[in-house]
>>> print(open('query-v1.cif').read())   # mmCIF, C-alpha atoms
data_structure
#
loop_
_atom_site.group_PDB
_atom_site.id
_atom_site.type_symbol
_atom_site.label_atom_id
_atom_site.label_comp_id
_atom_site.auth_asym_id
_atom_site.auth_seq_id
_atom_site.Cartn_x
_atom_site.Cartn_y
_atom_site.Cartn_z
ATOM 1 C CA MET Q 182 -11.155 34.202 -61.069
ATOM 2 C CA GLU Q 183 -8.238 35.203 -58.880
ATOM 3 C CA LEU Q 184 -8.040 38.906 -58.125
ATOM 4 C CA SER Q 185 -4.723 40.722 -58.247
ATOM 5 C CA GLU Q 186 -3.204 42.102 -55.086
ATOM 6 C CA GLU Q 187 -3.708 45.621 -56.470
ATOM 7 C CA ILE Q 188 -7.456 45.030 -56.825
ATOM 8 C CA LYS Q 189 -7.629 43.533 -53.334
ATOM 9 C CA GLN Q 190 -5.810 46.545 -51.869
ATOM 10 C CA SER Q 191 -8.077 48.914 -53.769
ATOM 11 C CA ALA Q 192 -11.137 47.068 -52.460
ATOM 12 C CA ARG Q 193 -9.839 47.353 -48.894
ATOM 13 C CA ALA Q 194 -9.189 51.071 -49.364
ATOM 14 C CA LEU Q 195 -12.678 51.534 -50.778
ATOM 15 C CA GLY Q 196 -14.182 49.659 -47.830
ATOM 16 C CA GLN Q 197 -12.282 51.835 -45.376
ATOM 17 C CA SER Q 198 -13.314 54.977 -47.238
ATOM 18 C CA LEU Q 199 -16.976 53.950 -47.318
ATOM 19 C CA SER Q 200 -16.991 52.987 -43.653
ATOM 20 C CA ALA Q 201 -15.549 56.418 -42.796
ATOM 21 C CA ASP Q 202 -18.209 58.226 -44.840
ATOM 22 C CA GLU Q 203 -20.616 60.215 -42.672
ATOM 23 C CA THR Q 204 -23.685 58.694 -44.355
ATOM 24 C CA VAL Q 205 -22.544 55.147 -43.611
ATOM 25 C CA ARG Q 206 -21.363 56.033 -40.111
ATOM 26 C CA GLN Q 207 -24.715 57.597 -39.270
ATOM 27 C CA TYR Q 208 -26.536 54.523 -40.543
ATOM 28 C CA LEU Q 209 -24.324 52.215 -38.475
ATOM 29 C CA GLU Q 210 -24.890 54.344 -35.360
ATOM 30 C CA LEU Q 211 -28.662 54.320 -35.872
ATOM 31 C CA ARG Q 212 -28.617 50.585 -36.558
ATOM 32 C CA ASP Q 213 -26.675 49.973 -33.369
ATOM 33 C CA LEU Q 214 -29.045 52.176 -31.360
ATOM 34 C CA THR Q 215 -32.102 50.278 -32.587
ATOM 35 C CA GLN Q 216 -30.388 46.959 -31.865
ATOM 36 C CA ARG Q 217 -29.872 48.025 -28.251
ATOM 37 C CA ASP Q 218 -33.328 49.510 -27.695
ATOM 38 C CA GLU Q 219 -35.596 46.905 -26.114
ATOM 39 C CA GLU Q 220 -38.821 48.588 -27.246
ATOM 40 C CA THR Q 221 -37.641 48.709 -30.853
ATOM 41 C CA ILE Q 222 -36.393 45.128 -30.761
ATOM 42 C CA ASN Q 223 -39.685 43.884 -29.330
ATOM 43 C CA LEU Q 224 -41.766 45.847 -31.817
ATOM 44 C CA GLU Q 225 -39.825 44.651 -34.860
ATOM 45 C CA THR Q 226 -39.681 41.087 -33.572
ATOM 46 C CA GLU Q 227 -43.412 40.965 -32.890
ATOM 47 C CA HIS Q 228 -44.200 42.484 -36.292
ATOM 48 C CA ALA Q 229 -41.931 40.044 -38.140
ATOM 49 C CA ALA Q 230 -43.279 37.029 -36.248
ATOM 50 C CA LEU Q 231 -46.900 37.964 -36.886
ATOM 51 C CA TYR Q 232 -46.142 38.634 -40.551
ATOM 52 C CA GLN Q 233 -44.497 35.207 -40.855
ATOM 53 C CA LYS Q 234 -47.392 33.487 -39.095
ATOM 54 C CA LEU Q 235 -50.023 35.166 -41.236
ATOM 55 C CA SER Q 236 -48.070 34.528 -44.432
ATOM 56 C CA GLU Q 237 -47.732 30.832 -43.648
ATOM 57 C CA ARG Q 238 -51.412 30.541 -42.814
ATOM 58 C CA GLN Q 239 -52.392 32.340 -45.995
ATOM 59 C CA ARG Q 240 -50.096 30.153 -48.143
ATOM 60 C CA SER Q 241 -51.681 27.057 -46.639
ATOM 61 C CA GLY Q 242 -55.094 28.309 -47.731
ATOM 62 C CA MET Q 243 -56.391 29.357 -44.334
ATOM 63 C CA VAL Q 244 -58.625 32.377 -44.027
ATOM 64 C CA LEU Q 245 -57.133 35.107 -41.865
ATOM 65 C CA ASP Q 246 -59.457 36.509 -39.262
ATOM 66 C CA ARG Q 247 -60.097 40.214 -38.927
ATOM 67 C CA GLU Q 248 -58.591 40.528 -35.436
ATOM 68 C CA GLU Q 249 -55.257 39.101 -36.587
ATOM 69 C CA LEU Q 250 -55.200 41.372 -39.611
ATOM 70 C CA ASP Q 251 -56.059 44.388 -37.477
ATOM 71 C CA ARG Q 252 -53.247 43.491 -35.091
ATOM 72 C CA TYR Q 253 -50.811 43.082 -37.987
ATOM 73 C CA PHE Q 254 -51.709 46.453 -39.520
ATOM 74 C CA GLU Q 255 -51.513 48.140 -36.127
ATOM 75 C CA LEU Q 256 -48.009 46.724 -35.599
ATOM 76 C CA LYS Q 257 -47.030 47.690 -39.135
ATOM 77 C CA ARG Q 258 -48.200 51.247 -38.500
ATOM 78 C CA LYS Q 259 -46.198 51.394 -35.253
ATOM 79 C CA VAL Q 260 -43.068 50.130 -37.011
ATOM 80 C CA GLN Q 261 -43.495 52.571 -39.901
ATOM 81 C CA ASN Q 262 -43.975 55.489 -37.510
ATOM 82 C CA HIS Q 263 -41.413 54.571 -34.846
ATOM 83 C CA ARG Q 264 -38.950 57.441 -34.650
ATOM 84 C CA SER Q 265 -35.716 55.423 -34.421
ATOM 85 C CA ILE Q 266 -36.802 52.838 -36.999
ATOM 86 C CA VAL Q 267 -37.741 55.582 -39.469
ATOM 87 C CA ALA Q 268 -34.417 57.362 -38.909
ATOM 88 C CA ARG Q 269 -32.443 54.129 -39.340
ATOM 89 C CA ASP Q 270 -34.321 53.093 -42.470
ATOM 90 C CA MET Q 271 -34.017 56.543 -44.058
ATOM 91 C CA GLN Q 272 -30.292 56.563 -43.391
ATOM 92 C CA LEU Q 273 -30.015 53.050 -44.847
ATOM 93 C CA GLU Q 274 -31.589 54.342 -48.063
ATOM 94 C CA ASN Q 275 -29.014 57.157 -48.124
ATOM 95 C CA ALA Q 276 -26.205 54.649 -47.627
ATOM 96 C CA LYS Q 277 -27.592 52.474 -50.437
ATOM 97 C CA VAL Q 278 -27.386 55.452 -52.792
ATOM 98 C CA LEU Q 279 -23.753 55.975 -51.836
ATOM 99 C CA LEU Q 280 -22.961 52.281 -52.274
ATOM 100 C CA GLY Q 281 -24.773 52.225 -55.607
ATOM 101 C CA GLN Q 282 -22.684 55.143 -56.815
ATOM 102 C CA ALA Q 283 -19.532 53.320 -55.731
ATOM 103 C CA ALA Q 284 -20.699 50.203 -57.568
ATOM 104 C CA GLN Q 285 -21.255 52.195 -60.749
ATOM 105 C CA ARG Q 286 -17.778 53.699 -60.536
ATOM 106 C CA ILE Q 287 -16.190 50.308 -59.924
ATOM 107 C CA THR Q 288 -18.045 48.832 -62.880
ATOM 108 C CA SER Q 289 -16.962 51.765 -65.031
ATOM 109 C CA ILE Q 290 -13.310 51.423 -64.014
ATOM 110 C CA LEU Q 291 -13.205 47.644 -64.391
ATOM 111 C CA GLY Q 292 -15.164 47.655 -67.610
ATOM 112 C CA VAL Q 293 -17.223 44.746 -66.327
ATOM 113 C CA ASP Q 294 -20.021 44.445 -63.805
ATOM 114 C CA TYR Q 295 -18.167 44.347 -60.495
ATOM 115 C CA SER Q 296 -21.001 42.383 -58.895
ATOM 116 C CA ASN Q 297 -19.743 39.363 -60.834
ATOM 117 C CA PHE Q 298 -16.786 39.433 -58.436
ATOM 118 C CA ALA Q 299 -18.755 40.275 -55.287
ATOM 119 C CA GLY Q 300 -20.205 37.532 -53.237
#
>>> encode(input="query-v1.cif", output="structure tokens")
Amino acid sequence: MELSEEIKQSARALGQSLSADETVRQYLELRDLTQRDEETINLETEHAALYQKLSERQRSGMVLDREELDRYFELKRKVQNHRSIVARDMQLENAKVLLGQAAQRITSILGVDYSNFAG
């Protein structure tokens, strides 16, 4: 379905408005900070890699040893308690609320689920 120029302009204006919102700006700043922090990058990368490895081993029917599981849960705890990761993730949840509210308004205005057009 081809969108009218008016809808396209409205979508651009909404995008600009959302990107200027303090909630979204704070999330983007926190995201950028964590992407530049070597400690945070290493911690999240190590956690994700170990999670992937353990998941693959478990799916293939292998028994996971206690040391690996302990290491995984220790990394998970560090990620969940890391100050900048927590701040970023909390702000992401705030931004999701804002975006969800915008989605509801768009759907209400259009009279159809806007997500059918997104993507």
>>> resolve_selection(input="query-v1.cif", expression="the PyMOL selection byres ((chain Q and resi 191-197) around 12)", output="PyMOL selection string")
chain Q and resi 184-190+198-202+205-206+279-280+283-284+286-287+290-291+295+298-299
>>> write_last_selection(input="query-v1.cif", atoms="C-alpha atoms", output="PDB file, in the frame of the given file")
ATOM      1  CA  LEU Q 184      -8.040  38.906 -58.125  1.00  0.00           C
ATOM      2  CA  SER Q 185      -4.723  40.722 -58.247  1.00  0.00           C
ATOM      3  CA  GLU Q 186      -3.204  42.102 -55.086  1.00  0.00           C
ATOM      4  CA  GLU Q 187      -3.708  45.621 -56.470  1.00  0.00           C
ATOM      5  CA  ILE Q 188      -7.456  45.030 -56.825  1.00  0.00           C
ATOM      6  CA  LYS Q 189      -7.629  43.533 -53.334  1.00  0.00           C
ATOM      7  CA  GLN Q 190      -5.810  46.545 -51.869  1.00  0.00           C
ATOM      8  CA  SER Q 198     -13.314  54.977 -47.238  1.00  0.00           C
ATOM      9  CA  LEU Q 199     -16.976  53.950 -47.318  1.00  0.00           C
ATOM     10  CA  SER Q 200     -16.991  52.987 -43.653  1.00  0.00           C
ATOM     11  CA  ALA Q 201     -15.549  56.418 -42.796  1.00  0.00           C
ATOM     12  CA  ASP Q 202     -18.209  58.226 -44.840  1.00  0.00           C
ATOM     13  CA  VAL Q 205     -22.544  55.147 -43.611  1.00  0.00           C
ATOM     14  CA  ARG Q 206     -21.363  56.033 -40.111  1.00  0.00           C
ATOM     15  CA  LEU Q 279     -23.753  55.975 -51.836  1.00  0.00           C
ATOM     16  CA  LEU Q 280     -22.961  52.281 -52.274  1.00  0.00           C
ATOM     17  CA  ALA Q 283     -19.532  53.320 -55.731  1.00  0.00           C
ATOM     18  CA  ALA Q 284     -20.699  50.203 -57.568  1.00  0.00           C
ATOM     19  CA  ARG Q 286     -17.778  53.699 -60.536  1.00  0.00           C
ATOM     20  CA  ILE Q 287     -16.190  50.308 -59.924  1.00  0.00           C
ATOM     21  CA  ILE Q 290     -13.310  51.423 -64.014  1.00  0.00           C
ATOM     22  CA  LEU Q 291     -13.205  47.644 -64.391  1.00  0.00           C
ATOM     23  CA  TYR Q 295     -18.167  44.347 -60.495  1.00  0.00           C
ATOM     24  CA  PHE Q 298     -16.786  39.433 -58.436  1.00  0.00           C
ATOM     25  CA  ALA Q 299     -18.755  40.275 -55.287  1.00  0.00           C
TER      26      ALA Q 299
END
>>> residues_around(input="query-v1.cif", residues="His228 in chain Q", least_positions_apart="6", cutoff="8 Å", atoms="only C-alpha atoms", output="list of chain:residue names")
Q:Tyr253, Q:Leu256, Q:Lys257, Q:Val260
>>> closest_residue(input="query-v1.cif", among="Q:Arg240, Q:Arg252, Q:His263, Q:Leu245", to="Thr221 in chain Q", atoms="all atoms listed in the file")
Q:His263
>>> resolve_selection(input="query-v1.cif", expression="the PyMOL selection byres ((chain Q and resi 211) around 9)", output="number ranges by chain")
Q: 206-210, 212-216, 265-266, 268-270, 272
>>> closest_residue(input="query-v1.cif", among="Q:Glu183, Q:Ser289, Q:Glu255, Q:Gln282", to="Glu227 in chain Q", atoms="only C-alpha atoms")
Q:Glu255
>>> closest_residue(input="query-v1.cif", among="Q:Glu203, Q:Tyr232, Q:Thr288, Q:Lys259", to="Glu220 in chain Q", atoms="only C-alpha atoms")
Q:Lys259
>>> closest_residue(input="query-v1.cif", among="Q:Lys277, Q:Arg258, Q:Arg238, Q:Arg247", to="Glu225 in chain Q", atoms="all atoms listed in the file")
Q:Arg258
>>> decode(input="query-v1.cif", residues="range 215-237 of chain Q", atoms="C-alpha atoms", output="JSON list (two decimals), in the first residue's frame")
[["chain", "number", "residue", "atom", "x", "y", "z"],
["Q", 215, "THR", "CA", 27.72, 1.97, 27.13],
["Q", 216, "GLN", "CA", 28.81, 1.37, 23.53],
["Q", 217, "ARG", "CA", 31.98, 3.37, 24.17],
["Q", 218, "ASP", "CA", 32.80, 1.88, 27.57],
["Q", 219, "GLU", "CA", 35.25, -1.00, 27.15],
["Q", 220, "GLU", "CA", 34.37, -2.64, 30.47],
["Q", 221, "THR", "CA", 30.66, -2.65, 29.63],
["Q", 222, "ILE", "CA", 31.28, -3.91, 26.10],
["Q", 223, "ASN", "CA", 33.48, -6.74, 27.37],
["Q", 224, "LEU", "CA", 31.03, -7.72, 30.09],
["Q", 225, "GLU", "CA", 28.02, -7.83, 27.78],
["Q", 226, "THR", "CA", 29.96, -9.59, 25.05],
["Q", 227, "GLU", "CA", 31.29, -12.24, 27.41],
["Q", 228, "HIS", "CA", 27.83, -12.79, 28.92],
["Q", 229, "ALA", "CA", 26.17, -13.10, 25.51],
["Q", 230, "ALA", "CA", 28.84, -15.47, 24.19],
["Q", 231, "LEU", "CA", 28.65, -17.74, 27.22],
["Q", 232, "TYR", "CA", 24.85, -17.73, 27.07],
["Q", 233, "GLN", "CA", 24.99, -18.71, 23.39],
["Q", 234, "LYS", "CA", 27.53, -21.45, 24.05],
["Q", 235, "LEU", "CA", 25.58, -22.93, 26.93],
["Q", 236, "SER", "CA", 22.29, -22.72, 25.03],
["Q", 237, "GLU", "CA", 23.75, -24.55, 22.04]]
